[in-house]
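K.L.:
One structure follows; several queries about it will come next.
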Amino acid sequence: MNRVAVLGSSGSIGTSSLDVVAAQPEHLQAVGLSVHRSWDVLQKQITRHRPRWAVVVDDRLKAEIGTPDIPSGTELWWGEAGVERLASHPDVDTVICAIVGAAGLRGTVAAISQGKRVALANKETLVVGGPLVMQQAAESGARILPVDSEHSAIFQCLEAGRSRDVHKITLTASGGPFRGWSREKLENVTVEQALAHPTWKMGKKITVDSATMMNKALEVIEARWLFGLTADQIDVVVHPQSIIHSMVEFVDGSTVAQLSPPDMKLPIQYALSYPERWPGISPKMDWSAAQTLTFEAPDYEAFPALKLGFEVARRGGTSGAILNAANEVAVERFLNGTLRFTEIAIACQEILQHHQFDSQPTLSELLQQDRWARQEMSRWKSSLK
Ligand SMILES: NC(=O)c1ccc[n+]([C@@H]2O[C@H](COP(=O)([O-])OP(=O)(O)OC[C@H]3O[C@@H](n4cnc5c(N)ncnc54)[C@H](OP(=O)(O)O)[C@@H]3O)[C@@H](O)[C@H]2O)c1
């Protein structure tokens, strides 16, 4: 029995993870859950999954909730320290890291330092501190298994050959809701338009990231560290059907791809079952129905965020922490109407250019850079009134 803690259990990946766990009672047991503020969701999850521990990160809720009525057998913990305690608890085998943003870093690092199996959805961890996190995993023996569908696909394709025989990898991108739009047309994109993703149902931040293609930029950086590749070995192709989740080309010219309907339950389950494969609740391809799979080059002019991903993957050092933090605040500002859609990438690029680059930062230096970039982005002047 694999005892699983789900960090970010109320989110899109968190709830899908709990569906996967509930469907595999002979293999998996949810022993710990964490949310930021979604107390109502957490209460229902506690009743359904009966975990040993539940964490609410925002401890301002303590006053509102008082002494909550939760089933005996579940202990309630508070704050970021509660997440760290859960992620590193000796009675937890696997930690699903599904908190959004750099806020997910602490729990992920805690799990890695204890040598856990880490099912990593929180790509921001590797974007911010890729080399440090991978080194820590090598030292502790932690196994990082990707949940991002593209990285899960690459991970699966790599099973077909040796890492040193990889020529390049190709990450597929759906293209988001604005595929084919010109730069000019993108100027006036609304929040509602940006949140209407054609193929994936996800949390708000990643949905906006998909619309700007910043999500793919973050994935390029994530892949660079997770698989130990150079930026030049990573390609992006737009594949609107989201059936091929990514591909690996080996040195002999053979390309191996992973295909499945767009549904996160499959990569989540694989991160939990690896190296086994279990029958599960993910939908399967129907090859008797006609399929058209199309591919096109990304439009780097209309979606300059993608260029930033390659730039940061090349530079490393502090640049990932800066891009990630600047983008997190830019997305918040776009969602609250104080930044234009097209200004997200422009502002991120400017802040990246002006930051004090360090090629080998410590974790505390990265966190300091993160704070600086957030401040810069909060006061970045938009052309909106
Ligand atoms: N959704 C997808 O299909 C998908 C695919 C690939 C990768 N990912 C990655 O998976 C991660 C989660 O994405 P998502 O779409 O599931 O996000 P989401 O739906 O917005 O859920 C985010 C989760 O994180 C918690 N959270 C938010 N801020 C927090 C904080 N400061 N401290 C602690 N917990 C916090 C939320 O709790 P509350 O509900 O209490 O706010 C929620 O449980 C992201 O890194 C994303 O890039 C997602």
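All residue names refer to the structure tokens as shown: chains lettered A, B, ... in order, residues numbered from 1 in each chain, ligands numbered from 1 in order.
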Give the residues close to ligand 1, within 8 Å, counting only C-alpha atoms and all ligand atoms; write them as JSON, numbers by chain.
P.N.:
{"A": [7, 8, 9, 10, 11, 12, 13, 14, 15, 34, 35, 36, 37, 38, 39, 41, 56, 57, 58, 80, 83, 97, 98, 99, 100, 101, 103, 104, 120, 121, 122, 123, 124, 147, 148, 149, 200, 201, 202, 203, 204, 205, 206, 207, 215, 263, 264]}
K.L.:
Using only C-alpha atoms, which residues sit within 9 Å of A:Ala153 once same-chain residues fewer than 2 positions away are excluded, as number ranges by chain?
P.N.:
A: 146, 148-151, 155-158, 171, 244-248, 257-259, 267
K.L.:
Atom CA of A:Thr172 and atom CA of A:Gln136, how far apart in Å?
P.N.:
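One can read the atom CA of A:Gln136 to atom CA of A:Thr172 distance as 28.8 Å.
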K.L.:
Could you name the residues that touch A:Gln349 at 8 Å or less, counting only C-alpha atoms, but leaving out those on the same chain fewer than 3 positions away, as a list in words?
P.N.:
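Contacts, in chain order: Leu308, Leu323, Ala345, Ile346, Leu352 and Gln353 of chain A.
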K.L.:
Counting only C-alpha atoms, which residue out of A:Ala305, A:Ala81, A:Met214, A:Ala173 sits closest to A:Thr199?
P.N.:
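Closest candidate: A:Ala173.
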K.L.:
Can you list, as a list of chain:residue names, every residue of stretch 102-198 of chain A that DSSP puts in strand (DSSP E)?
P.N.:
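Here are the strand (DSSP E) residues of stretch 102-198 of chain A: A:Arg117, A:Val118, A:Ala119, A:Leu120, A:Arg143, A:Ile144, A:Leu145, A:Pro146, A:Val166, A:His167, A:Lys168, A:Ile169, A:Thr170, A:Leu171, A:Thr172, A:Ala173.
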K.L.:
Identify which of the residues A:Lys265, A:Lys216, A:Arg52, A:Arg314 lies closest to A:Trp77, counting only C-alpha atoms when measuring atom-to-atom distances.
P.N.:
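Smallest distance to A:Trp77 is found for A:Arg52.
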K.L.:
Report the distance between atom CA of A:Glu296 and atom CA of A:Phe250 in Å, rounded to one decimal place.
P.N.:
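Atom CA of A:Glu296 sits 21.1 Å away from atom CA of A:Phe250.
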K.L.:
What is the atom CA of A:Leu28 to atom CA of A:Gln135 distance in Å?
P.N.:
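So the two atoms, atom CA of A:Leu28 and atom CA of A:Gln135, lie 28.2 Å apart.
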K.L.:
As a PyMOL selection string, please: every residue in stretch 113-251 of chain A that a backbone DSSP assignment puts in alpha helix (DSSP H).
P.N.:
chain A and resi 113+124-140+149-158+183-186+191-194+204-212+214-226
K.L.:
Can you write out the residues you just picked, keeping C-alpha atoms, as an mmCIF file, in the first residue's frame?
P.N.:
data_model
loop_
_atom_site.group_PDB
_atom_site.id
_atom_site.type_symbol
_atom_site.label_atom_id
_atom_site.label_comp_id
_atom_site.auth_asym_id
_atom_site.auth_seq_id
_atom_site.Cartn_x
_atom_site.Cartn_y
_atom_site.Cartn_z
ATOM 1 C CA SER A 113 14.959 16.062 1.165
ATOM 2 C CA GLU A 124 7.397 26.057 -10.839
ATOM 3 C CA THR A 125 9.678 24.131 -8.427
ATOM 4 C CA LEU A 126 12.030 23.163 -11.254
ATOM 5 C CA VAL A 127 11.649 26.500 -13.040
ATOM 6 C CA VAL A 128 12.783 28.345 -9.910
ATOM 7 C CA GLY A 129 15.448 25.989 -8.583
ATOM 8 C CA GLY A 130 16.011 23.194 -11.140
ATOM 9 C CA PRO A 131 19.722 22.458 -10.557
ATOM 10 C CA LEU A 132 19.472 22.687 -6.745
ATOM 11 C CA VAL A 133 16.343 20.539 -6.592
ATOM 12 C CA MET A 134 17.757 17.866 -8.921
ATOM 13 C CA GLN A 135 20.996 17.768 -6.929
ATOM 14 C CA GLN A 136 19.051 17.422 -3.696
ATOM 15 C CA ALA A 137 17.056 14.532 -5.194
ATOM 16 C CA ALA A 138 20.268 12.805 -6.293
ATOM 17 C CA GLU A 139 21.642 13.126 -2.754
ATOM 18 C CA SER A 140 18.504 11.982 -0.906
ATOM 19 C CA SER A 149 1.365 15.469 -19.348
ATOM 20 C CA GLU A 150 4.204 16.512 -21.670
ATOM 21 C CA HIS A 151 6.910 15.479 -19.221
ATOM 22 C CA SER A 152 5.119 12.274 -18.385
ATOM 23 C CA ALA A 153 5.054 11.571 -22.125
ATOM 24 C CA ILE A 154 8.798 12.251 -22.437
ATOM 25 C CA PHE A 155 9.452 10.096 -19.372
ATOM 26 C CA GLN A 156 7.456 7.248 -20.953
ATOM 27 C CA CYS A 157 9.154 7.649 -24.346
ATOM 28 C CA LEU A 158 12.593 7.584 -22.706
ATOM 29 C CA ARG A 183 -0.179 40.206 -32.065
ATOM 30 C CA GLU A 184 -2.586 43.126 -32.735
ATOM 31 C CA LYS A 185 -5.680 41.018 -32.132
ATOM 32 C CA LEU A 186 -4.204 39.744 -28.853
ATOM 33 C CA VAL A 191 -10.077 37.469 -18.970
ATOM 34 C CA GLU A 192 -13.101 35.380 -20.052
ATOM 35 C CA GLN A 193 -11.482 34.664 -23.425
ATOM 36 C CA ALA A 194 -8.169 33.714 -21.823
ATOM 37 C CA LYS A 204 -6.856 29.751 -13.568
ATOM 38 C CA LYS A 205 -3.128 30.487 -13.425
ATOM 39 C CA ILE A 206 -2.074 27.666 -15.736
ATOM 40 C CA THR A 207 -5.021 28.424 -18.044
ATOM 41 C CA VAL A 208 -3.776 31.988 -18.543
ATOM 42 C CA ASP A 209 -0.214 30.630 -18.907
ATOM 43 C CA SER A 210 -1.473 28.330 -21.660
ATOM 44 C CA ALA A 211 -3.121 31.258 -23.439
ATOM 45 C CA THR A 212 0.121 33.327 -23.417
ATOM 46 C CA MET A 214 4.131 30.981 -20.906
ATOM 47 C CA ASN A 215 3.072 27.527 -19.767
ATOM 48 C CA LYS A 216 5.085 25.989 -22.589
ATOM 49 C CA ALA A 217 7.987 28.287 -21.725
ATOM 50 C CA LEU A 218 7.889 26.996 -18.133
ATOM 51 C CA GLU A 219 7.693 23.434 -19.466
ATOM 52 C CA VAL A 220 10.803 23.944 -21.604
ATOM 53 C CA ILE A 221 12.685 25.018 -18.466
ATOM 54 C CA GLU A 222 11.196 22.152 -16.446
ATOM 55 C CA ALA A 223 12.248 19.617 -19.119
ATOM 56 C CA ARG A 224 15.751 21.053 -19.307
ATOM 57 C CA TRP A 225 16.399 20.304 -15.613
ATOM 58 C CA LEU A 226 14.255 17.209 -15.155
#
K.L.:
With a distance cut-off of 12 Å and only C-alpha atoms, select the neighbouring residues of A:Leu366, excluding the residue or stretch itself and same-chain residues fewer than 4 positions from it, and output the selection as an MDAnalysis selection string.
P.N.:
chainID A and resid 102 105 125:132 316:325 355:362 370:373
K.L.:
So which one's closest to A:Thr255, A:Gly79, A:Gly161, A:Gly180, A:Pro283? Using only C-alpha atoms, please.
P.N.:
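That would be A:Gly161, the residue with the smallest distance to A:Thr255.
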